[in-house]
Amino acid sequence: MKIGIITFHHVDNYGATLQACALWSFLNSQGYDVEIIDYRPFKIAWMYFRALLPIKSVKSSTSKSKKIRINEKSLIYISRKWKMRRFLLSHVKLSHKKIYDKKGLKYYHDKYDVVICGSDQIWCIDSFRGYNSSFFLDFVSNKTTRKISYAASFGNTTKLGPYQKEIYTLINEFQSILVRDSNSIEIIANECNKKAIKVLDPTFLIKYDTLKDYPKIKNKYLLLYVQADIQEEEQEFIKFLAEEQNLTIVSVGRDEPLAQINLETASPKEWIGLHSEASYIITNTFHGTVFSIIFHKPFTVFLPSDKSNKVRDLLNDFGLTNRIFSEKLKSQLFSKEIFDIDYESVSSIVESKIIESKKHLIEAILQKSDE
């Protein structure tokens with residue numbers, strides 16, 4: 001059986017890279033002939049490419065001529081992007097053709113027995129990516145190819161608006177709909193009149209023993225993995241925690257003034273290793289939260305509004321909403337309570353959901369159409 005996956009895999013983001021790798025790795029371990037369709041929508045590819053441009057023309061203050069200046073930040077992006085690409089090429093199988101537009105995807109209309117869309121926020125129509133019907137599998141027919149989603153998410157989208165009719169039609173051609181969060185379940189039910197099942201993000205489905213590089217940091221450290229700006233109150237929390245516990249502040253993926261060590265160009269393997277060896281993790285991201293749980297780390301989540309539904313939903317499933325930054329959590333700064341997480345209980349829930357998620361995915365691949 002040949003399986004194609006369409007997801008966000010070409011972006012400058014650790015979570016997106018690792019979820020793509022994890023879904024491919026799990027399916028490959030089950031004996032399937034699986035590949036990630038190397039689809040990079042031109043609009044999105046250009047947005048990322050433009051940010052990576054290292055050269056800018058600038059006018060000299062003393063001359064009408066232009067000089068070429070290297071953009072240091074772009075060089076950092078290029079280094080990180082190159083490491084992510086190398087990681088993917090080393091650990092997954094990509095389709096032999098690179099596709100940049102919806103027309104090109106038609107090439108794959110008959111190449112797979114099953115096509116899976118997901119994971120990640122591939123259905124978030126309110127993001128800068130906008131609506132793209134390709135991620136609802138409009139390029140394959142459910143008469144010849146089984147259409148399923150795995151851990152797909154609408155992100156912070158709550159209404160389908162002008163796309164409702166088209167998405168309704170496309171979703172109703174799916175044989176199985178597996179999503180990542182409760183918000184996505186509600187949208188599928190209310191606006192598409194279909195039943196969806198909630199499953200874990202694919203990063204929970206595999207082990208990371210061979211996918212991590214151990215950090216070369218001698219001291220115990222507090223790992224900072226953030227994408228949104230840190231508020232003043234949050235900065236104070238980080239500084240007090242690090243000082244009280246004698247932890248070096250290490251930031252990964254972003255230059256943070258608070259950090260003693262900034263690792264902006266860490267590879268995915270280094271990113272995983274940093275999470276696995278941290279003494280404490282602070283994050284405002286979904287996958288930072290996921291890997292804190294995977295590696296049984298004490299952690300705190302700062303909850304930005306654009307990620308609140310998916311992160312809160314994840315923490316609620318594992319009984320960990322008390323890890324969200326709050327006055328109560330702040331009051332535990334000078335006690336060992338802030339490190340107290342009952343991971344024996346959490347692990348029991350996680351393992352149960354992993355079994356369920358794998359079962360739903362395999363059944364979705366193998367079952368005949370419900371039509």
# chains A, B, ... in the order shown; residues from 1 in each chain; ligands from 1
>>> residues_around(residues="A:Phe318", least_positions_apart="4", cutoff="8 Å", atoms="only C-alpha atoms", output="ChimeraX atom specification")
/A:314,346,349-350
>>> residues_around(residues="stretch 255-267 of chain A", least_positions_apart="4", cutoff="8 Å", atoms="only C-alpha atoms", output="PDB file with N, CA and C atoms, in the first residue's frame")
ATOM      1  N   ILE A  76      21.154  33.762   9.844  1.00  0.00           N
ATOM      2  CA  ILE A  76      20.711  32.857  10.914  1.00  0.00           C
ATOM      3  C   ILE A  76      19.555  32.000  10.416  1.00  0.00           C
ATOM      4  N   TYR A  77      18.591  32.638   9.728  1.00  0.00           N
ATOM      5  CA  TYR A  77      17.464  31.894   9.168  1.00  0.00           C
ATOM      6  C   TYR A  77      17.935  30.848   8.168  1.00  0.00           C
ATOM      7  N   SER A  79      20.831  29.339   7.976  1.00  0.00           N
ATOM      8  CA  SER A  79      21.501  28.239   8.674  1.00  0.00           C
ATOM      9  C   SER A  79      20.494  27.284   9.297  1.00  0.00           C
ATOM     10  N   ARG A  80      19.487  27.847   9.977  1.00  0.00           N
ATOM     11  CA  ARG A  80      18.483  27.001  10.625  1.00  0.00           C
ATOM     12  C   ARG A  80      17.655  26.251   9.587  1.00  0.00           C
ATOM     13  N   LYS A  83      19.578  23.370   8.139  1.00  0.00           N
ATOM     14  CA  LYS A  83      19.646  22.241   9.076  1.00  0.00           C
ATOM     15  C   LYS A  83      18.326  21.476   9.113  1.00  0.00           C
ATOM     16  N   MET A  84      17.209  22.193   9.036  1.00  0.00           N
ATOM     17  CA  MET A  84      15.906  21.517   9.031  1.00  0.00           C
ATOM     18  C   MET A  84      15.725  20.711   7.755  1.00  0.00           C
ATOM     19  N   PHE A  87      17.827  17.653   7.952  1.00  0.00           N
ATOM     20  CA  PHE A  87      17.207  16.699   8.868  1.00  0.00           C
ATOM     21  C   PHE A  87      16.097  15.920   8.162  1.00  0.00           C
ATOM     22  N   GLN A 235       8.846  37.892  32.092  1.00  0.00           N
ATOM     23  CA  GLN A 235      10.300  38.017  32.186  1.00  0.00           C
ATOM     24  C   GLN A 235      10.767  37.946  33.636  1.00  0.00           C
ATOM     25  N   LYS A 239      13.383  35.178  35.338  1.00  0.00           N
ATOM     26  CA  LYS A 239      14.603  35.584  36.052  1.00  0.00           C
ATOM     27  C   LYS A 239      14.607  35.079  37.498  1.00  0.00           C
ATOM     28  N   THR A 248      21.067  28.203  34.421  1.00  0.00           N
ATOM     29  CA  THR A 248      21.454  29.035  33.283  1.00  0.00           C
ATOM     30  C   THR A 248      20.262  29.133  32.336  1.00  0.00           C
ATOM     31  N   ILE A 249      19.959  30.317  31.842  1.00  0.00           N
ATOM     32  CA  ILE A 249      18.847  30.486  30.904  1.00  0.00           C
ATOM     33  C   ILE A 249      19.367  30.272  29.484  1.00  0.00           C
ATOM     34  N   VAL A 250      18.784  29.292  28.812  1.00  0.00           N
ATOM     35  CA  VAL A 250      19.173  28.957  27.440  1.00  0.00           C
ATOM     36  C   VAL A 250      17.965  29.155  26.540  1.00  0.00           C
ATOM     37  N   SER A 251      18.113  29.938  25.492  1.00  0.00           N
ATOM     38  CA  SER A 251      17.036  30.149  24.529  1.00  0.00           C
ATOM     39  C   SER A 251      17.366  29.412  23.235  1.00  0.00           C
ATOM     40  N   TRP A 271      17.557  20.635  19.068  1.00  0.00           N
ATOM     41  CA  TRP A 271      16.335  21.131  19.706  1.00  0.00           C
ATOM     42  C   TRP A 271      15.727  20.050  20.596  1.00  0.00           C
TER      43      TRP A 271
END
>>> select_by_dssp(residues="stretch 71-303 of chain A", states="alpha helix (DSSP H)", output="compact mmCIF listing (two decimals) with C-alpha atoms, in the first residue's frame")
# COMPACT_ATOMS: atom_id res chain seq x y z
CA GLU A 72 22.94 38.90 9.68
CA LYS A 73 19.45 37.83 10.79
CA SER A 74 18.82 36.31 7.37
CA LEU A 75 22.03 34.31 7.65
CA ILE A 76 20.71 32.86 10.91
CA TYR A 77 17.46 31.89 9.17
CA ILE A 78 19.38 30.32 6.30
CA SER A 79 21.50 28.24 8.67
CA ARG A 80 18.48 27.00 10.63
CA LYS A 81 16.47 26.34 7.47
CA TRP A 82 19.36 24.39 5.93
CA LYS A 83 19.65 22.24 9.08
CA MET A 84 15.91 21.52 9.03
CA ARG A 85 16.02 20.58 5.37
CA ARG A 86 19.02 18.32 5.94
CA PHE A 87 17.21 16.70 8.87
CA LEU A 88 14.14 15.96 6.74
CA LEU A 89 16.18 14.59 3.85
CA SER A 90 17.98 12.29 6.30
CA HIS A 91 14.91 10.99 8.12
CA LYS A 102 -2.31 23.41 -7.11
CA LYS A 103 -2.16 22.55 -10.80
CA GLY A 104 1.06 20.64 -10.25
CA LEU A 105 -0.55 18.54 -7.51
CA GLN A 164 -17.96 26.89 4.32
CA LYS A 165 -19.73 25.41 1.29
CA GLU A 166 -16.54 24.37 -0.46
CA ILE A 167 -14.97 22.94 2.70
CA TYR A 168 -18.24 21.15 3.53
CA THR A 169 -18.13 19.42 0.14
CA LEU A 170 -14.47 18.48 0.43
CA ILE A 171 -14.70 17.24 4.03
CA SER A 182 -11.71 20.06 20.33
CA ASN A 183 -12.16 23.26 18.32
CA SER A 184 -11.61 21.29 15.10
CA ILE A 185 -14.11 18.64 16.21
CA GLU A 186 -16.74 21.35 16.74
CA ILE A 187 -16.13 22.98 13.35
CA ILE A 188 -16.36 19.62 11.55
CA ALA A 189 -19.60 18.81 13.39
CA ASN A 190 -21.28 22.22 13.19
CA GLU A 191 -20.23 23.39 9.76
CA CYS A 192 -19.53 20.16 7.87
CA GLU A 232 7.37 42.04 31.51
CA GLU A 233 5.65 39.96 34.20
CA GLU A 234 6.72 36.78 32.43
CA GLN A 235 10.30 38.02 32.19
CA GLU A 236 10.38 38.58 35.94
CA PHE A 237 9.09 35.05 36.50
CA ILE A 238 11.87 33.60 34.33
CA LYS A 239 14.60 35.58 36.05
CA PHE A 240 13.40 34.77 39.57
CA LEU A 241 13.03 31.05 38.78
CA ALA A 242 16.48 30.83 37.20
CA GLU A 243 18.11 32.69 40.11
CA GLU A 244 16.28 30.71 42.80
CA GLN A 245 17.17 27.36 41.23
CA PRO A 268 16.05 19.68 15.06
CA LYS A 269 18.23 17.03 16.76
CA GLU A 270 19.78 19.68 18.98
CA TRP A 271 16.34 21.13 19.71
CA ILE A 272 15.11 17.72 20.86
CA GLY A 273 18.24 17.16 22.95
CA LEU A 274 17.85 20.54 24.63
CA HIS A 275 14.32 19.64 25.71
CA SER A 276 15.32 16.18 26.89
CA GLU A 277 18.08 17.45 29.19
CA PHE A 286 2.26 24.00 21.25
CA HIS A 287 5.21 21.75 20.46
CA GLY A 288 7.31 23.19 23.27
CA THR A 289 4.49 22.01 25.55
CA VAL A 290 4.31 18.62 23.81
CA PHE A 291 8.02 17.89 24.26
CA SER A 292 7.96 19.07 27.87
CA ILE A 293 5.36 16.35 28.47
CA ILE A 294 7.15 13.73 26.36
>>> residues_around(residues="A:Ile125", least_positions_apart="6", cutoff="8 Å", atoms="only C-alpha atoms", output="ChimeraX atom specification")
/A:131-132,154,157,160
>>> select_by_dssp(residues="stretch 139-361 of chain A", states="strand (DSSP E or B)", output="JSON, numbers by chain")
{"A": [146, 147, 148, 149, 150, 151, 152, 176, 177, 178, 179, 197, 198, 221, 222, 223, 224, 225, 248, 249, 250, 251, 252, 261, 262, 263, 280, 281, 282, 283, 299, 300, 301, 324]}
>>> decode(residues="stretch 55-205 of chain A", atoms="C-alpha atoms", output="mmCIF file, in the first residue's frame")
data_model
loop_
_atom_site.group_PDB
_atom_site.id
_atom_site.type_symbol
_atom_site.label_atom_id
_atom_site.label_comp_id
_atom_site.auth_asym_id
_atom_site.auth_seq_id
_atom_site.Cartn_x
_atom_site.Cartn_y
_atom_site.Cartn_z
ATOM 1 C CA ILE A 55 21.660 40.518 0.662
ATOM 2 C CA LYS A 56 20.174 44.007 0.584
ATOM 3 C CA SER A 57 21.053 47.025 -1.511
ATOM 4 C CA VAL A 58 21.496 50.177 0.550
ATOM 5 C CA LYS A 59 22.394 53.730 -0.466
ATOM 6 C CA SER A 60 25.613 55.143 0.908
ATOM 7 C CA SER A 61 25.222 58.341 2.924
ATOM 8 C CA THR A 62 28.148 59.905 1.023
ATOM 9 C CA SER A 63 27.475 58.564 -2.427
ATOM 10 C CA LYS A 64 24.663 57.969 -4.884
ATOM 11 C CA SER A 65 25.975 54.480 -5.486
ATOM 12 C CA LYS A 66 24.539 51.433 -3.729
ATOM 13 C CA LYS A 67 26.407 49.039 -1.518
ATOM 14 C CA ILE A 68 25.618 45.425 -0.792
ATOM 15 C CA ARG A 69 25.025 44.602 2.874
ATOM 16 C CA ILE A 70 24.719 41.151 4.428
ATOM 17 C CA ASN A 71 21.654 40.810 6.638
ATOM 18 C CA GLU A 72 22.939 38.898 9.680
ATOM 19 C CA LYS A 73 19.454 37.833 10.787
ATOM 20 C CA SER A 74 18.820 36.305 7.366
ATOM 21 C CA LEU A 75 22.030 34.305 7.652
ATOM 22 C CA ILE A 76 20.711 32.857 10.914
ATOM 23 C CA TYR A 77 17.464 31.894 9.168
ATOM 24 C CA ILE A 78 19.376 30.318 6.300
ATOM 25 C CA SER A 79 21.501 28.239 8.674
ATOM 26 C CA ARG A 80 18.483 27.001 10.625
ATOM 27 C CA LYS A 81 16.470 26.337 7.470
ATOM 28 C CA TRP A 82 19.356 24.395 5.935
ATOM 29 C CA LYS A 83 19.646 22.241 9.076
ATOM 30 C CA MET A 84 15.906 21.517 9.031
ATOM 31 C CA ARG A 85 16.016 20.576 5.371
ATOM 32 C CA ARG A 86 19.019 18.317 5.936
ATOM 33 C CA PHE A 87 17.207 16.699 8.868
ATOM 34 C CA LEU A 88 14.142 15.960 6.744
ATOM 35 C CA LEU A 89 16.175 14.586 3.846
ATOM 36 C CA SER A 90 17.978 12.290 6.296
ATOM 37 C CA HIS A 91 14.912 10.995 8.123
ATOM 38 C CA VAL A 92 11.932 10.943 5.754
ATOM 39 C CA LYS A 93 11.173 10.118 2.150
ATOM 40 C CA LEU A 94 10.004 13.062 0.052
ATOM 41 C CA SER A 95 8.245 12.716 -3.295
ATOM 42 C CA HIS A 96 10.614 13.016 -6.247
ATOM 43 C CA LYS A 97 8.764 16.032 -7.662
ATOM 44 C CA LYS A 98 8.637 19.429 -5.980
ATOM 45 C CA ILE A 99 5.253 21.070 -6.474
ATOM 46 C CA TYR A 100 4.654 24.813 -6.111
ATOM 47 C CA ASP A 101 1.039 25.190 -7.261
ATOM 48 C CA LYS A 102 -2.310 23.411 -7.111
ATOM 49 C CA LYS A 103 -2.156 22.554 -10.797
ATOM 50 C CA GLY A 104 1.065 20.641 -10.251
ATOM 51 C CA LEU A 105 -0.545 18.545 -7.512
ATOM 52 C CA LYS A 106 -2.781 16.923 -10.139
ATOM 53 C CA TYR A 107 0.246 14.789 -10.984
ATOM 54 C CA TYR A 108 -0.435 12.903 -7.752
ATOM 55 C CA HIS A 109 -4.130 12.267 -8.361
ATOM 56 C CA ASP A 110 -3.536 8.544 -8.976
ATOM 57 C CA LYS A 111 -0.158 7.866 -7.335
ATOM 58 C CA TYR A 112 -1.351 6.705 -3.891
ATOM 59 C CA ASP A 113 -3.777 4.258 -2.343
ATOM 60 C CA VAL A 114 -4.208 6.617 0.620
ATOM 61 C CA VAL A 115 -3.518 10.327 1.029
ATOM 62 C CA ILE A 116 -3.297 11.782 4.539
ATOM 63 C CA CYS A 117 -3.527 15.488 5.246
ATOM 64 C CA GLY A 118 -1.976 16.562 8.525
ATOM 65 C CA SER A 119 -0.782 17.134 11.075
ATOM 66 C CA ASP A 120 -0.430 20.808 12.102
ATOM 67 C CA GLN A 121 -2.687 23.797 11.433
ATOM 68 C CA ILE A 122 -3.141 22.956 7.762
ATOM 69 C CA TRP A 123 -6.835 23.946 7.971
ATOM 70 C CA CYS A 124 -6.305 27.298 9.687
ATOM 71 C CA ILE A 125 -7.852 29.674 7.146
ATOM 72 C CA ASP A 126 -7.266 32.739 9.336
ATOM 73 C CA SER A 127 -3.461 32.520 9.220
ATOM 74 C CA PHE A 128 -1.190 34.347 6.768
ATOM 75 C CA ARG A 129 -1.368 31.241 4.571
ATOM 76 C CA GLY A 130 -5.093 31.707 3.983
ATOM 77 C CA TYR A 131 -7.396 29.052 2.538
ATOM 78 C CA ASN A 132 -5.875 26.384 0.329
ATOM 79 C CA SER A 133 -8.154 23.600 -0.899
ATOM 80 C CA SER A 134 -5.142 21.358 -1.560
ATOM 81 C CA PHE A 135 -4.913 20.665 2.174
ATOM 82 C CA PHE A 136 -8.499 19.392 1.984
ATOM 83 C CA LEU A 137 -7.327 16.916 -0.685
ATOM 84 C CA ASP A 138 -9.147 18.326 -3.699
ATOM 85 C CA PHE A 139 -6.455 16.880 -5.996
ATOM 86 C CA VAL A 140 -7.455 13.235 -5.419
ATOM 87 C CA SER A 141 -10.742 11.404 -5.862
ATOM 88 C CA ASN A 142 -12.217 9.354 -3.029
ATOM 89 C CA LYS A 143 -13.379 6.840 -5.625
ATOM 90 C CA THR A 144 -9.792 5.777 -6.336
ATOM 91 C CA THR A 145 -7.855 7.063 -3.321
ATOM 92 C CA ARG A 146 -8.706 6.865 0.348
ATOM 93 C CA LYS A 147 -8.860 10.375 1.858
ATOM 94 C CA ILE A 148 -8.129 10.779 5.548
ATOM 95 C CA SER A 149 -6.787 13.394 7.912
ATOM 96 C CA TYR A 150 -4.536 12.825 10.896
ATOM 97 C CA ALA A 151 -4.306 15.416 13.686
ATOM 98 C CA ALA A 152 -5.282 18.169 11.268
ATOM 99 C CA SER A 153 -6.211 21.423 12.971
ATOM 100 C CA PHE A 154 -8.158 24.589 12.207
ATOM 101 C CA GLY A 155 -5.912 26.409 14.680
ATOM 102 C CA ASN A 156 -7.575 29.576 15.924
ATOM 103 C CA THR A 157 -10.198 29.526 13.146
ATOM 104 C CA THR A 158 -13.710 29.290 14.602
ATOM 105 C CA LYS A 159 -15.884 30.001 11.532
ATOM 106 C CA LEU A 160 -15.418 28.890 7.941
ATOM 107 C CA GLY A 161 -17.215 31.955 6.582
ATOM 108 C CA PRO A 162 -17.216 32.234 2.767
ATOM 109 C CA TYR A 163 -15.351 28.924 2.419
ATOM 110 C CA GLN A 164 -17.957 26.895 4.317
ATOM 111 C CA LYS A 165 -19.733 25.414 1.285
ATOM 112 C CA GLU A 166 -16.537 24.367 -0.458
ATOM 113 C CA ILE A 167 -14.970 22.945 2.701
ATOM 114 C CA TYR A 168 -18.238 21.150 3.527
ATOM 115 C CA THR A 169 -18.131 19.419 0.139
ATOM 116 C CA LEU A 170 -14.470 18.475 0.428
ATOM 117 C CA ILE A 171 -14.700 17.237 4.033
ATOM 118 C CA ASN A 172 -17.667 15.059 3.138
ATOM 119 C CA GLU A 173 -15.474 13.193 0.664
ATOM 120 C CA PHE A 174 -13.176 12.034 3.485
ATOM 121 C CA GLN A 175 -13.461 8.432 4.633
ATOM 122 C CA SER A 176 -12.008 9.266 8.044
ATOM 123 C CA ILE A 177 -11.414 12.547 9.877
ATOM 124 C CA LEU A 178 -8.915 12.574 12.735
ATOM 125 C CA VAL A 179 -8.175 15.987 14.260
ATOM 126 C CA ARG A 180 -5.878 17.407 16.924
ATOM 127 C CA ASP A 181 -8.169 19.512 19.093
ATOM 128 C CA SER A 182 -11.715 20.065 20.332
ATOM 129 C CA ASN A 183 -12.165 23.256 18.317
ATOM 130 C CA SER A 184 -11.615 21.285 15.102
ATOM 131 C CA ILE A 185 -14.113 18.638 16.208
ATOM 132 C CA GLU A 186 -16.744 21.352 16.737
ATOM 133 C CA ILE A 187 -16.129 22.977 13.349
ATOM 134 C CA ILE A 188 -16.361 19.618 11.552
ATOM 135 C CA ALA A 189 -19.601 18.806 13.394
ATOM 136 C CA ASN A 190 -21.276 22.215 13.192
ATOM 137 C CA GLU A 191 -20.226 23.391 9.756
ATOM 138 C CA CYS A 192 -19.527 20.159 7.871
ATOM 139 C CA ASN A 193 -22.053 17.825 9.511
ATOM 140 C CA LYS A 194 -19.437 15.109 9.966
ATOM 141 C CA LYS A 195 -17.981 13.322 12.963
ATOM 142 C CA ALA A 196 -14.304 13.767 13.725
ATOM 143 C CA ILE A 197 -12.178 11.934 16.292
ATOM 144 C CA LYS A 198 -9.542 13.685 18.385
ATOM 145 C CA VAL A 199 -6.075 12.113 18.308
ATOM 146 C CA LEU A 200 -2.630 13.071 19.540
ATOM 147 C CA ASP A 201 -0.161 15.121 17.566
ATOM 148 C CA PRO A 202 2.091 12.655 15.685
ATOM 149 C CA THR A 203 5.127 13.765 17.714
ATOM 150 C CA PHE A 204 3.714 11.596 20.510
ATOM 151 C CA LEU A 205 3.767 8.479 18.333
#
